[in-house]
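Participant: Here you go, this is coords.tsv (TSV, C-alpha atoms).
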```tsv
chain	number	residue	atom	x	y	z
A	1	MET	CA	130.53	102.53	97.17
A	2	THR	CA	127.59	100.27	96.45
A	3	GLU	CA	124.63	102.32	97.53
A	4	VAL	CA	123.53	105.88	98.15
A	5	ARG	CA	123.04	106.34	101.88
A	6	VAL	CA	119.80	107.73	103.28
A	7	LYS	CA	120.20	110.31	106.04
A	8	LYS	CA	119.94	108.57	109.38
A	9	GLY	CA	116.44	108.46	110.80
A	10	GLU	CA	114.72	109.58	107.60
A	11	GLU	CA	112.22	107.81	105.42
A	12	LEU	CA	112.66	109.21	101.94
A	13	ASN	CA	109.80	110.95	100.20
A	14	GLY	CA	108.64	109.51	96.87
A	15	LEU	CA	110.95	111.68	94.80
A	16	GLY	CA	113.91	110.60	96.91
A	17	ALA	CA	112.98	106.93	96.70
A	18	MET	CA	112.76	107.13	92.90
A	19	LEU	CA	116.03	109.01	92.55
A	20	LYS	CA	117.82	106.70	94.97
A	21	GLU	CA	116.94	103.69	92.83
A	22	ILE	CA	118.40	105.37	89.75
A	23	LEU	CA	121.48	106.62	91.61
A	24	ASP	CA	122.08	103.16	93.09
A	25	GLN	CA	121.98	101.61	89.64
A	26	ASN	CA	124.35	104.19	88.21
A	27	ILE	CA	127.01	104.19	90.92
A	28	LYS	CA	127.50	100.47	90.38
A	29	ASP	CA	129.14	101.55	87.12
A	30	PRO	CA	132.76	102.36	88.10
A	31	GLY	CA	133.07	104.92	85.31
A	32	LYS	CA	130.04	106.87	86.44
A	33	TYR	CA	130.99	106.68	90.10
A	34	ARG	CA	134.50	107.87	89.28
A	35	SER	CA	133.03	111.02	87.71
A	36	VAL	CA	131.50	112.12	91.03
A	37	ARG	CA	133.76	110.40	93.58
A	38	LYS	CA	135.89	113.44	94.30
A	39	LEU	CA	133.05	115.93	94.45
A	40	SER	CA	132.25	117.77	97.62
A	41	ALA	CA	128.90	119.45	97.13
A	42	SER	CA	125.21	119.62	97.91
A	43	VAL	CA	122.66	119.41	95.14
A	44	VAL	CA	118.96	120.09	95.56
A	45	ILE	CA	116.51	118.40	93.19
A	46	LYS	CA	112.96	119.68	93.27
A	47	GLU	CA	109.76	118.47	91.63
A	48	ALA	CA	108.10	121.69	90.56
A	49	THR	CA	104.39	120.84	90.81
A	50	SER	CA	104.39	119.31	94.27
A	51	GLY	CA	107.29	121.37	95.62
A	52	VAL	CA	108.84	118.17	96.96
A	53	ALA	CA	112.62	118.31	97.13
A	54	VAL	CA	115.57	116.17	98.08
A	55	THR	CA	119.21	117.02	98.63
A	56	LEU	CA	122.20	114.97	97.56
A	57	ILE	CA	125.27	115.45	99.71
A	58	LEU	CA	128.53	114.35	98.13
A	59	LYS	CA	131.52	114.19	100.40
A	60	GLY	CA	134.61	111.99	100.70
A	61	GLY	CA	133.41	109.60	98.03
A	62	GLU	CA	130.10	109.03	99.83
A	63	ILE	CA	126.70	110.09	98.54
A	64	GLU	CA	123.91	110.75	100.97
A	65	ILE	CA	120.32	111.61	100.12
A	66	GLN	CA	117.93	113.43	102.41
A	67	ASN	CA	114.45	114.89	102.26
A	68	ASP	CA	113.88	118.57	101.55
A	69	ALA	CA	116.18	121.29	100.30
A	70	VAL	CA	119.17	122.44	102.30
A	71	GLU	CA	119.86	126.14	102.51
A	72	LYS	CA	122.45	127.44	100.06
A	73	PRO	CA	123.17	124.28	98.08
A	74	THR	CA	126.10	124.18	95.68
A	75	ALA	CA	123.63	123.67	92.86
A	76	TYR	CA	119.95	123.04	92.36
A	77	MET	CA	117.64	121.84	89.66
A	78	GLU	CA	113.87	121.94	89.36
A	79	ALA	CA	111.45	120.39	86.89
A	80	GLY	CA	107.98	118.90	86.71
A	81	PHE	CA	107.51	115.15	87.23
A	82	GLU	CA	107.33	114.26	83.55
A	83	ASN	CA	110.37	116.31	82.60
A	84	LEU	CA	112.36	114.96	85.55
A	85	ALA	CA	111.36	111.46	84.49
A	86	HIS	CA	112.36	112.12	80.89
A	87	ILE	CA	115.72	113.49	82.02
A	88	THR	CA	116.51	110.66	84.43
A	89	SER	CA	115.45	108.02	81.91
A	90	GLY	CA	117.79	109.52	79.32
A	91	GLN	CA	115.04	110.60	76.93
A	92	LEU	CA	115.64	114.29	77.45
A	93	ASN	CA	119.15	115.69	77.42
A	94	PRO	CA	119.62	117.87	80.54
A	95	ILE	CA	121.27	120.62	78.50
A	96	VAL	CA	118.40	120.65	76.01
A	97	ALA	CA	116.02	120.68	78.98
A	98	LEU	CA	117.81	123.74	80.35
A	99	LEU	CA	117.77	125.54	77.04
A	100	THR	CA	114.08	124.84	76.52
A	101	ARG	CA	113.33	125.82	80.15
A	102	LYS	CA	111.94	122.41	80.97
A	103	LEU	CA	114.58	122.32	83.66
A	104	LYS	CA	115.44	125.27	85.89
A	105	SER	CA	118.77	125.31	87.59
A	106	GLY	CA	121.04	127.43	89.69
A	107	GLY	CA	124.46	127.35	91.28
A	108	ASN	CA	127.45	125.58	89.76
A	109	PRO	CA	126.51	124.41	86.24
A	110	LEU	CA	129.63	122.24	85.89
A	111	LEU	CA	128.62	120.36	89.01
A	112	LEU	CA	125.16	119.71	87.58
A	113	LEU	CA	126.74	118.35	84.43
A	114	LYS	CA	128.85	115.95	86.50
A	115	ILE	CA	125.89	114.93	88.64
A	116	SER	CA	123.92	114.11	85.51
A	117	ASN	CA	126.34	111.20	85.03
A	118	ILE	CA	124.75	109.41	87.97
A	119	MET	CA	121.23	110.80	87.62
A	120	VAL	CA	120.55	109.68	84.08
A	121	LEU	CA	119.94	106.07	83.14
A	122	LYS	CA	121.71	105.17	79.94
B	1	MET	CA	76.73	104.78	89.66
B	2	ALA	CA	79.60	104.28	92.08
B	3	VAL	CA	81.48	100.98	92.01
B	4	LEU	CA	82.71	99.13	95.09
B	5	PHE	CA	86.52	99.12	95.28
B	6	GLY	CA	88.26	95.75	95.35
B	7	THR	CA	85.40	93.91	93.68
B	8	GLN	CA	85.49	92.21	90.29
B	9	GLU	CA	83.05	94.87	89.10
B	10	TRP	CA	85.56	97.60	89.99
B	11	ALA	CA	88.34	95.74	88.22
B	12	ASP	CA	86.13	95.26	85.14
B	13	THR	CA	85.13	98.93	85.14
B	14	LEU	CA	88.77	99.99	85.29
B	15	LYS	CA	89.65	97.52	82.51
B	16	LYS	CA	86.95	99.06	80.35
B	17	ALA	CA	88.18	102.57	81.15
B	18	VAL	CA	91.72	101.59	80.19
B	19	GLU	CA	90.55	99.94	76.98
B	20	THR	CA	88.60	103.01	75.90
B	21	SER	CA	91.24	105.60	76.81
B	22	GLN	CA	93.15	106.74	73.74
B	23	ALA	CA	95.38	108.84	75.97
B	24	TYR	CA	96.36	105.75	77.98
B	25	LYS	CA	96.88	103.64	74.86
B	26	GLU	CA	99.24	106.24	73.43
B	27	ALA	CA	101.13	106.87	76.68
B	28	ALA	CA	101.51	103.17	77.51
B	29	LYS	CA	102.13	101.78	74.04
B	30	ASN	CA	105.50	100.41	75.21
B	31	TRP	CA	104.45	99.53	78.74
B	32	GLU	CA	105.07	95.94	79.83
B	33	GLY	CA	104.15	94.90	83.32
B	34	ASP	CA	101.40	93.85	85.65
B	35	LEU	CA	100.63	95.53	88.94
B	36	TYR	CA	98.78	95.45	92.20
B	37	ILE	CA	96.84	98.45	93.46
B	38	ILE	CA	96.77	97.96	97.20
B	39	VAL	CA	94.62	99.93	99.63
B	40	GLU	CA	96.04	99.45	103.10
B	41	PRO	CA	94.14	99.83	106.34
B	42	ASP	CA	94.67	102.92	108.44
B	43	ALA	CA	93.10	104.66	111.43
B	44	SER	CA	89.84	105.28	109.58
B	45	TYR	CA	89.50	101.99	107.71
B	46	THR	CA	90.26	98.45	108.76
B	47	HIS	CA	90.10	96.51	105.46
B	48	ARG	CA	92.79	95.77	102.91
B	49	HIS	CA	91.94	95.57	99.21
B	50	ILE	CA	94.02	94.45	96.26
B	51	VAL	CA	93.24	94.86	92.59
B	52	TYR	CA	95.39	93.15	89.98
B	53	LEU	CA	95.97	94.61	86.50
B	54	ASP	CA	97.95	93.02	83.70
B	55	LEU	CA	98.96	95.91	81.46
B	56	TRP	CA	100.67	95.28	78.17
B	57	HIS	CA	101.39	97.75	75.39
B	58	GLY	CA	98.41	99.99	76.10
B	59	GLU	CA	96.01	97.09	76.66
B	60	CYS	CA	94.62	95.64	79.87
B	61	ARG	CA	94.87	91.88	79.46
B	62	GLU	CA	93.42	91.02	82.86
B	63	ALA	CA	91.86	92.82	85.80
B	64	SER	CA	90.69	91.17	88.98
B	65	GLY	CA	90.06	91.68	92.66
B	66	ILE	CA	92.59	89.66	94.66
B	67	GLU	CA	92.12	88.11	98.09
B	68	ASP	CA	95.61	86.74	98.69
B	69	GLU	CA	98.58	88.98	97.86
B	70	GLY	CA	100.67	85.89	97.12
B	71	GLU	CA	98.31	84.89	94.32
B	72	LYS	CA	100.32	86.80	91.72
B	73	SER	CA	103.83	88.19	91.50
B	74	PRO	CA	103.32	91.51	89.71
B	75	LYS	CA	106.15	93.66	88.48
B	76	TYR	CA	104.75	96.71	90.28
B	77	ARG	CA	102.94	97.49	93.48
B	78	ILE	CA	101.15	100.81	94.00
B	79	PHE	CA	100.08	101.04	97.60
B	80	GLY	CA	99.05	103.44	100.28
B	81	PRO	CA	96.79	103.87	103.27
B	82	PHE	CA	93.06	104.06	102.68
B	83	THR	CA	92.74	107.78	103.41
B	84	ASN	CA	95.41	108.73	100.85
B	85	MET	CA	94.17	106.30	98.19
B	86	LYS	CA	90.58	107.46	98.63
B	87	GLN	CA	91.63	111.10	98.21
B	88	ILE	CA	93.18	110.20	94.86
B	89	LEU	CA	90.18	108.20	93.69
B	90	ASP	CA	87.89	111.06	94.77
B	91	LYS	CA	90.13	113.47	92.77
B	92	LYS	CA	90.78	115.50	95.90
B	93	VAL	CA	94.55	115.25	95.55
B	94	ASP	CA	96.87	114.80	92.61
B	95	ALA	CA	98.31	111.29	92.25
B	96	VAL	CA	101.75	112.51	91.14
B	97	GLN	CA	101.92	114.84	94.13
B	98	SER	CA	100.97	111.95	96.42
B	99	MET	CA	103.67	109.82	94.81
B	100	MET	CA	106.29	112.55	95.19
B	101	THR	CA	105.49	113.15	98.84
B	102	GLY	CA	105.42	109.42	99.55
B	103	LYS	CA	101.76	109.36	100.59
B	104	ILE	CA	101.38	106.57	98.10
B	105	LYS	CA	104.29	104.37	97.17
B	106	VAL	CA	105.36	102.56	94.05
B	107	LYS	CA	107.60	99.51	94.10
B	108	GLY	CA	108.99	97.97	90.97
B	109	ASP	CA	111.13	98.79	87.99
B	110	MET	CA	111.40	102.57	88.37
B	111	ALA	CA	113.35	102.86	85.13
B	112	GLN	CA	110.26	101.91	83.12
B	113	ILE	CA	108.08	104.34	85.06
B	114	MET	CA	110.60	107.10	84.40
B	115	LYS	CA	110.59	106.24	80.71
B	116	MET	CA	106.79	106.45	80.54
B	117	PRO	CA	105.62	108.85	83.26
B	118	ARG	CA	102.55	109.75	81.23
B	119	ALA	CA	101.40	106.11	81.37
B	120	THR	CA	101.19	106.35	85.16
B	121	VAL	CA	99.28	109.62	84.96
B	122	GLU	CA	96.83	108.26	82.37
B	123	LEU	CA	96.28	105.06	84.37
B	124	VAL	CA	95.29	107.19	87.36
B	125	ASN	CA	93.00	109.21	85.06
B	126	CYS	CA	91.31	105.92	84.10
B	127	MET	CA	90.94	105.04	87.80
B	128	THR	CA	89.26	108.36	88.51
B	129	SER	CA	87.04	108.34	85.42
B	130	PHE	CA	84.27	106.60	87.39
B	131	ASP	CA	83.01	106.93	90.95
B	132	THR	CA	84.41	104.58	93.56
B	133	VAL	CA	83.01	103.69	96.94
B	134	PHE	CA	84.60	101.53	99.60
B	135	PRO	CA	82.94	98.71	101.52
B	136	ASP	CA	81.97	99.57	105.13
```
For this file, write the structure as structure tokens.

Facilitator:
Amino acid sequence: MTEVRVKKGEELNGLGAMLKEILDQNIKDPGKYRSVRKLSASVVIKEATSGVAVTLILKGGEIEIQNDAVEKPTAYMEAGFENLAHITSGQLNPIVALLTRKLKSGGNPLLLLKISNIMVLK
Amino acid sequence: MAVLFGTQEWADTLKKAVETSQAYKEAAKNWEGDLYIIVEPDASYTHRHIVYLDLWHGECREASGIEDEGEKSPKYRIFGPFTNMKQILDKKVDAVQSMMTGKIKVKGDMAQIMKMPRATVELVNCMTSFDTVFPD
């Protein structure tokens, strides 16, 4: 897989466009891609201040991104722009962010840990 | 006094605002990269304006109004339709919110923006620290 697919007919919101660029960079790394390749899940990522959200759908080795939050995702995470930026740029450890409540999450925590492999630039 | 967007005076005013902002200096101390701020025409405005900024480690090395987009090859482009850009400059909407919703767009090395999100916020604060008007 060379690129995260955008849901057909959608133009990604700004949060999605930013995340897609990071995800695209990360999945080029075979090790990182391998860590999520077998996942079958939906993960909602929400920017807290604006309420803007995107959903990642992982299925059959493919990753698709779409605008807005799906109902009943497998996991979700929510943070303000600066904290999301610090997490995705690798400056803030996601676990530390959770413990300090800079990041709110729900659903399967193990899945979020795996997803962080492709969401964090290292 | 309000300054006309896209003019050299606007670029100079923004340069001065950047140079005097301690918050920007601190947030952008590792920032390397020039950018275009592009106001695109929409249903309520027919003109296109481009302002060029060369930002380097908390300093603004150059600021100018640009006629031809091909004149420079900046690392970043911040662009959006007139109505959305004006709302930001008039402080009627939050720039980060506009960026998240896609009302304004940013093209360039997102990794650097993610490393220094505060730099983006403080640059917008500099842009809104003086009144802007648009040519008719």

Participant: Counting only C-alpha atoms, collect the residues of chain B whose closest atom lies at most 12 Å from chain A, and write them out as a compact mmCIF listing (two decimals) with C-alpha atoms, in the frame of the given file.

Facilitator:
```txt
# COMPACT_ATOMS: atom_id res chain seq x y z
CA ALA B 27 101.13 106.87 76.68
CA ILE B 78 101.15 100.81 94.00
CA GLY B 80 99.05 103.44 100.28
CA VAL B 93 94.55 115.25 95.55
CA ASP B 94 96.87 114.80 92.61
CA ALA B 95 98.31 111.29 92.25
CA VAL B 96 101.75 112.51 91.14
CA GLN B 97 101.92 114.84 94.13
CA SER B 98 100.97 111.95 96.42
CA MET B 99 103.67 109.82 94.81
CA MET B 100 106.29 112.55 95.19
CA THR B 101 105.49 113.15 98.84
CA GLY B 102 105.42 109.42 99.55
CA LYS B 103 101.76 109.36 100.59
CA ILE B 104 101.38 106.57 98.10
CA LYS B 105 104.29 104.37 97.17
CA VAL B 106 105.36 102.56 94.05
CA LYS B 107 107.60 99.51 94.10
CA GLY B 108 108.99 97.97 90.97
CA ASP B 109 111.13 98.79 87.99
CA MET B 110 111.40 102.57 88.37
CA ALA B 111 113.35 102.86 85.13
CA GLN B 112 110.26 101.91 83.12
CA ILE B 113 108.08 104.34 85.06
CA MET B 114 110.60 107.10 84.40
CA LYS B 115 110.59 106.24 80.71
CA MET B 116 106.79 106.45 80.54
CA PRO B 117 105.62 108.85 83.26
CA ARG B 118 102.55 109.75 81.23
CA ALA B 119 101.40 106.11 81.37
CA THR B 120 101.19 106.35 85.16
CA VAL B 121 99.28 109.62 84.96
```

Participant: Residues within 10 Å of (84.8, 93.4, 94.3), file coordinates, counting all atoms listed in the file: what are they? Give the list as a count of residues only.

Facilitator: 19

Participant: For CA of His47 (chain B) and CA of Asp68 (chain B), determine how far apart the two atoms are, in Å to one decimal place.

Facilitator: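 Separating CA of His47 (chain B) from CA of Asp68 (chain B) is a distance of 13.1 Å.
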
Participant: Considering all atoms listed in the file, state which residue in the set A:Ser42, A:Glu62, A:Lys104, A:Leu92 is at the smallest distance from Thr74 (chain A).

Facilitator: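 For Thr74 (chain A), the nearest of the candidates is A:Ser42.
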
Participant: May I have the residues within 9 Å of region 6-10 of chain A as a PDB file with C-alpha atoms, in the coordinates of the input, using all atoms listed in the file and disregarding those fewer than 6 positions away in the same chain?

Facilitator:
```
ATOM      1  CA  LYS A  20     117.820 106.700  94.970  1.00  0.00           C
ATOM      2  CA  ILE A  63     126.700 110.090  98.540  1.00  0.00           C
ATOM      3  CA  GLU A  64     123.910 110.750 100.970  1.00  0.00           C
ATOM      4  CA  ILE A  65     120.320 111.610 100.120  1.00  0.00           C
ATOM      5  CA  GLN A  66     117.930 113.430 102.410  1.00  0.00           C
ATOM      6  CA  ASN A  67     114.450 114.890 102.260  1.00  0.00           C
TER       7      ASN A  67
END
```

Participant: What's the separation between CA of Leu98 (chain A) and CA of Trp31 (chain B), in Å to one decimal place?

Facilitator: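 Atom-to-atom, CA of Leu98 (chain A) and CA of Trp31 (chain B) are spaced 27.7 Å apart.
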
Participant: Could you pull the residues within 12 Å of Ala43 (chain B), counting all atoms listed in the file, minus those fewer than 3 positions along the same chain, as a list in words?

Facilitator: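 The contact residues come out as Glu40, Thr46, His47, Pro81, Phe82, Thr83 and Asn84 of chain B.
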
Participant: Could the residues in this selection be written to a file with C-alpha atoms, as an mmCIF file, keeping the file's coordinate frame?

Facilitator:
```
data_model
loop_
_atom_site.group_PDB
_atom_site.id
_atom_site.type_symbol
_atom_site.label_atom_id
_atom_site.label_comp_id
_atom_site.auth_asym_id
_atom_site.auth_seq_id
_atom_site.Cartn_x
_atom_site.Cartn_y
_atom_site.Cartn_z
ATOM 1 C CA GLU B 40 96.040 99.450 103.100
ATOM 2 C CA THR B 46 90.260 98.450 108.760
ATOM 3 C CA HIS B 47 90.100 96.510 105.460
ATOM 4 C CA PRO B 81 96.790 103.870 103.270
ATOM 5 C CA PHE B 82 93.060 104.060 102.680
ATOM 6 C CA THR B 83 92.740 107.780 103.410
ATOM 7 C CA ASN B 84 95.410 108.730 100.850
#
```

Participant: Tell me, as an mmCIF file with C-alpha atoms, in the coordinates of the input, which residues lie within 9 Å of Phe130 (chain B), counting all atoms listed in the file; anything in the same chain fewer than 3 positions away does not count.

Facilitator:
```cif
data_model
loop_
_atom_site.group_PDB
_atom_site.id
_atom_site.type_symbol
_atom_site.label_atom_id
_atom_site.label_comp_id
_atom_site.auth_asym_id
_atom_site.auth_seq_id
_atom_site.Cartn_x
_atom_site.Cartn_y
_atom_site.Cartn_z
ATOM 1 C CA MET B 1 76.730 104.780 89.660
ATOM 2 C CA ALA B 2 79.600 104.280 92.080
ATOM 3 C CA VAL B 3 81.480 100.980 92.010
ATOM 4 C CA THR B 13 85.130 98.930 85.140
ATOM 5 C CA LEU B 14 88.770 99.990 85.290
ATOM 6 C CA ALA B 17 88.180 102.570 81.150
ATOM 7 C CA LEU B 89 90.180 108.200 93.690
ATOM 8 C CA CYS B 126 91.310 105.920 84.100
ATOM 9 C CA MET B 127 90.940 105.040 87.800
#
```

Participant: In Å, how far is it from CA of Tyr76 (chain B) to CA of Asp54 (chain B)?

Facilitator: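 Computing the Euclidean distance for CA of Tyr76 (chain B) and CA of Asp54 (chain B) yields 10.2 Å.
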
Participant: Could you pull the residues within 12 Å of Lys114 (chain A), counting all atoms listed in the file, minus those fewer than 5 positions along the same chain, as a ChimeraX atom specification?

Facilitator: /A:31-41,43,58,75,94-95,108-109,119-120

Participant: So which residues fall inside 7 Å of (118.1, 119.9, 98.5) if we count only C-alpha atoms? Mind giving them as number ranges by chain?

Facilitator: A: 43-45, 53-56, 68-70, 73

Participant: Using only C-alpha atoms, determine which residues lie at most 6 Å from His57 (chain B), disregarding the query and same-chain residues fewer than 6 positions distant; provide the list as a ChimeraX atom specification.

Facilitator: /B:28-31

Participant: Kindly save the residues from that selection, with C-alpha atoms included, as an mmCIF file, keeping the file's coordinate frame.

Facilitator:
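The result, written out as selection_20.cif:
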```cif
data_model
loop_
_atom_site.group_PDB
_atom_site.id
_atom_site.type_symbol
_atom_site.label_atom_id
_atom_site.label_comp_id
_atom_site.auth_asym_id
_atom_site.auth_seq_id
_atom_site.Cartn_x
_atom_site.Cartn_y
_atom_site.Cartn_z
ATOM 1 C CA ALA B 28 101.510 103.170 77.510
ATOM 2 C CA LYS B 29 102.130 101.780 74.040
ATOM 3 C CA ASN B 30 105.500 100.410 75.210
ATOM 4 C CA TRP B 31 104.450 99.530 78.740
#
```

Participant: For a quick check of understanding, using all atoms listed in the file, which of B:Leu55, B:Ala63, B:Ala23, B:Leu35 has the smallest distance to Asn125 (chain B)?

Facilitator: B:Ala23
